[in-house]
Number of protein chains: 2
Amino acid sequence: MTTDTFAKQMTVKFRVGKRLITLCGIAKGAGMIAPNLATMLVFIMSDANITQGALNKALKIATDDSFNCITVDGCMSTNDTVCLLANGASRNNLIGKGKYFKFFLKALHIVCLELAKMIINDAEGATKFIQIKVDKAGSVTEAKKVALSIANSNLFKTAMYGQNSNFGRIIAAVGSSGIDVKEKDIKINVSPLTKKDINVKVLLNRGNSHAVVYTSDLTPQYIKINAEYN
Amino acid sequence: MTTDTFAKQMTVKFRVGKRLITLCGIAKGAGMIAPNLATMLVFIMSDANITQGALNKALKIATDDSFNCITVDGCMSTNDTVCLLANGASRNNLIGKGKYFKFFLKALHIVCLELAKMIINDAEGATKFIQIKVDKAGSVTEAKKVALSIANSNLFKTAMYGQNSNFGRIIAAVGSSGIDVKEKDIKINVSPLTKKDINVKVLLNRGNSHAVVYTSDLTPQYIKINAEYN
């Protein structure tokens, strides 16, 4: 059984010389979604002719910047799979390093990020799609840690559901992330809460790194689904 | 404004020689409750004659085993206070070390633990009072880490609300705590879910340490309260 409410698929095409290459991905997932391990199944297929090393490297980079940047409920799972297959049927010149690797990576990143966003758009019981960008952080790791601390705060998520501009909860989540940041240095910008898509931007004034994380709100419907699901 | 629904107070009396000593505590707190920092105010007063060192030591130990063992929503706050005052009015022989310190600590621990449990009993929107005991852990820190991972899992908390025996969620929370534990070594025991008071016992088979954490379920009413609260 699944709680997904729509099919998640994404296709990107690009050229290597005269050969057209297709990358097509499908995904399943709606709850028990957190970075690194989620109840998520993703299968991406391509006809590219590409070395195994390049394929592994591209998948690692693209996954870190997509599926590892989403959280529905902060709950990890044991069923996480991202699978990338390439059979070489397009007969392009073999992709290894260089500009064609960059093309492939770009296409793969688009497929992964769009599928990851679809999972958040289909998050169990959600009424909001929330992008949290933490900027001016000391490192990417730090930026992601702060972004996830906000994204996984039940009080932040319920405020988003209630269209409640209680931004003290964002500050509290930044503080509880454990980063040594000064209150007076933090700048917070939140787009209008009446829309479905919400953008939260947090500036830490500690450096020049940033990270983006996607999440949903926490709603009575999420509880209903998971109180009943066996 | 507060979301507390009842007054939280606890009194314990004990004797030092012929002198009767009273310890009386009052607490406020219902949401944004997590170990180390909570939206919680606790004031404990005593007429004991006790050294400042003994008072500090007793408060540290009693707090670790009470207020730092409760979580409602895993959300830290900036407003945490536990305050212990003793004015010496009972004119007992000065308490420093030894058996009278143990008496005082015992009394203080009872006051703190009962107040902490009252906070969980009054947790925002809760229908369940849940005790999670992790035993046979490699250390107390490890036991507490696993217990808090379960207690803060939204999927565990919604299952408790739904009286849903989906114990895979407990296993998943143990796994996502990061402790290197083998699935076949874990034993889980859960009391009947139809009752208000739920006991969860998890054995890790890694050592002889244990920890107890108290939490509540996650309900639509919690979301309603926090979607609206400004």
# chains A, B, ... in the order shown; residues from 1 in each chain; ligands from 1

call {"tool": "closest_atom_pairs", "arguments": {"of": "chain A", "to": "chain B", "cutoff": "8 Å", "atoms": "only C-alpha atoms", "output": "Markdown table"}}
result
| residue | atom | partner | partner_atom | distance |
| --- | --- | --- | --- | --- |
| A:Met32 | CA | B:Leu155 | CA | 7.6 |
| A:Asp73 | CA | B:Asn154 | CA | 6.7 |
| A:Gly74 | CA | B:Ser153 | CA | 7.8 |
| A:Cys75 | CA | B:Ser153 | CA | 6.4 |
| A:Met76 | CA | B:Ser176 | CA | 6.1 |
| A:Ser77 | CA | B:Ala172 | CA | 6.1 |
| A:Thr78 | CA | B:Ala172 | CA | 7.1 |
| A:Ser153 | CA | B:Cys75 | CA | 6.4 |
| A:Asn154 | CA | B:Asp73 | CA | 6.7 |
| A:Leu155 | CA | B:Asn226 | CA | 6.6 |
| A:Thr158 | CA | B:Ala227 | CA | 4.9 |
| A:Ala159 | CA | B:Ala227 | CA | 4.7 |
| A:Met160 | CA | B:Ala227 | CA | 7.4 |
| A:Tyr161 | CA | B:Ala227 | CA | 6.2 |
| A:Gly162 | CA | B:Ala227 | CA | 4.1 |
| A:Gln163 | CA | B:Ala227 | CA | 7.4 |
| A:Asn164 | CA | B:Ala227 | CA | 6.4 |
| A:Ser165 | CA | B:Asn230 | CA | 7.7 |
| A:Asn166 | CA | B:Asn230 | CA | 5.8 |
| A:Ala172 | CA | B:Ser77 | CA | 6.1 |
| A:Ala173 | CA | B:Met76 | CA | 7.5 |
| A:Ser176 | CA | B:Met76 | CA | 6.1 |
| A:Leu218 | CA | B:Ile223 | CA | 7.4 |
| A:Thr219 | CA | B:Ile223 | CA | 6.5 |
| A:Pro220 | CA | B:Pro220 | CA | 4.5 |
| A:Gln221 | CA | B:Pro220 | CA | 7.9 |
| A:Ile223 | CA | B:Thr158 | CA | 5.7 |
| A:Lys224 | CA | B:Pro220 | CA | 7.9 |
| A:Asn226 | CA | B:Thr158 | CA | 5.9 |
| A:Ala227 | CA | B:Gly162 | CA | 4.1 |
| A:Glu228 | CA | B:Gly162 | CA | 6.0 |
| A:Tyr229 | CA | B:Asn164 | CA | 7.8 |
| A:Asn230 | CA | B:Asn166 | CA | 5.7 |

call {"tool": "residues_around", "arguments": {"residues": "segment 121-138 of chain A", "least_positions_apart": "5", "cutoff": "8 Å", "atoms": "only C-alpha atoms", "output": "ChimeraX atom specification"}}
result
/A:3-6,29-31,72,143-144,146-147,151,160-161,195-223,225

call {"tool": "residues_around", "arguments": {"residues": "segment 8-22 of chain A", "least_positions_apart": "5", "cutoff": "8 Å", "atoms": "only C-alpha atoms", "output": "list in words"}}
result
Ala27, Lys28, Ser46, Asp47, Ala48, Ser90, Arg91, Asn92, Asn93, Tyr100, Phe103, Phe104, Ala107, Leu108, Ile110, Val111, Glu114, Leu115, Met118 and Ile119 of chain A

call {"tool": "write_last_selection", "arguments": {"atoms": "N, CA, C and O atoms", "output": "compact mmCIF listing (two decimals), in the first residue's frame"}}
result
# COMPACT_ATOMS: atom_id res chain seq x y z
N ALA A 27 9.39 8.10 -9.29
CA ALA A 27 9.60 8.06 -7.84
C ALA A 27 8.32 7.71 -7.11
O ALA A 27 7.21 7.96 -7.61
N LYS A 28 8.50 7.13 -5.93
CA LYS A 28 7.39 6.84 -5.02
C LYS A 28 7.80 7.32 -3.63
O LYS A 28 8.92 7.05 -3.18
N SER A 46 18.40 5.63 -18.38
CA SER A 46 18.94 6.43 -19.46
C SER A 46 19.49 5.52 -20.55
O SER A 46 19.87 4.38 -20.30
N ASP A 47 19.52 6.05 -21.77
CA ASP A 47 20.15 5.32 -22.87
C ASP A 47 21.57 5.82 -23.11
O ASP A 47 22.19 5.53 -24.13
N ALA A 48 22.09 6.60 -22.16
CA ALA A 48 23.44 7.15 -22.32
C ALA A 48 24.50 6.05 -22.31
O ALA A 48 24.35 5.03 -21.63
N SER A 90 21.97 4.78 -26.87
CA SER A 90 22.03 5.98 -27.74
C SER A 90 23.33 6.04 -28.53
O SER A 90 23.47 6.87 -29.43
N ARG A 91 24.27 5.17 -28.21
CA ARG A 91 25.54 5.04 -28.94
C ARG A 91 26.31 6.37 -29.07
O ARG A 91 26.95 6.62 -30.08
N ASN A 92 26.18 7.21 -28.05
CA ASN A 92 27.00 8.43 -28.03
C ASN A 92 28.44 8.07 -27.69
O ASN A 92 28.72 6.97 -27.19
N ASN A 93 29.37 9.01 -27.97
CA ASN A 93 30.74 8.80 -27.52
C ASN A 93 30.73 8.65 -26.00
O ASN A 93 30.05 9.42 -25.30
N TYR A 100 30.81 16.68 -21.37
CA TYR A 100 29.64 15.82 -21.50
C TYR A 100 29.21 15.23 -20.16
O TYR A 100 28.04 14.99 -19.92
N PHE A 103 27.10 17.90 -18.75
CA PHE A 103 25.76 17.86 -19.34
C PHE A 103 24.90 16.78 -18.67
O PHE A 103 23.75 17.00 -18.31
N PHE A 104 25.52 15.58 -18.57
CA PHE A 104 24.79 14.46 -17.97
C PHE A 104 24.39 14.79 -16.53
O PHE A 104 23.24 14.57 -16.12
N ALA A 107 21.52 17.26 -16.39
CA ALA A 107 20.25 16.60 -16.71
C ALA A 107 19.78 15.73 -15.55
O ALA A 107 18.60 15.74 -15.16
N LEU A 108 20.73 14.98 -14.97
CA LEU A 108 20.38 14.10 -13.85
C LEU A 108 19.91 14.90 -12.65
O LEU A 108 18.96 14.53 -11.96
N ILE A 110 18.46 17.81 -12.64
CA ILE A 110 17.10 18.30 -12.90
C ILE A 110 16.07 17.21 -12.62
O ILE A 110 15.07 17.43 -11.93
N VAL A 111 16.34 15.99 -13.14
CA VAL A 111 15.41 14.87 -12.91
C VAL A 111 15.25 14.60 -11.42
O VAL A 111 14.14 14.49 -10.89
N GLU A 114 13.46 17.60 -9.49
CA GLU A 114 12.01 17.69 -9.78
C GLU A 114 11.26 16.54 -9.11
O GLU A 114 10.17 16.73 -8.57
N LEU A 115 11.83 15.33 -9.13
CA LEU A 115 11.18 14.20 -8.45
C LEU A 115 11.12 14.44 -6.94
O LEU A 115 10.10 14.17 -6.30
N MET A 118 8.43 16.79 -6.22
CA MET A 118 7.12 16.14 -6.36
C MET A 118 6.76 15.37 -5.09
O MET A 118 5.60 15.34 -4.68
N ILE A 119 7.77 14.75 -4.47
CA ILE A 119 7.52 14.01 -3.22
C ILE A 119 7.02 14.98 -2.14
O ILE A 119 6.06 14.69 -1.42

call {"tool": "select_by_dssp", "arguments": {"residues": "segment 112-224 of chain A", "states": "strand (DSSP E or B)", "output": "list in words"}}
result
Phe129, Ile130, Gln131, Ile132, Lys133, Val134, Asp135, Lys136, Ala137, Lys187, Ile188, Asn189, Val190, Asp197, Ile198, Asn199, Val200, Lys201, Val202, Leu203, Ser209, His210, Ala211, Val212, Val213, Tyr214, Thr215 and Ser216 of chain A

call {"tool": "select_by_dssp", "arguments": {"residues": "segment 28-212 of chain B", "states": "helix (DSSP H, G or I)", "output": "ChimeraX atom specification"}}
result
/B:52-64,67-69,99-121,140-151,154-161,168-176,183-185
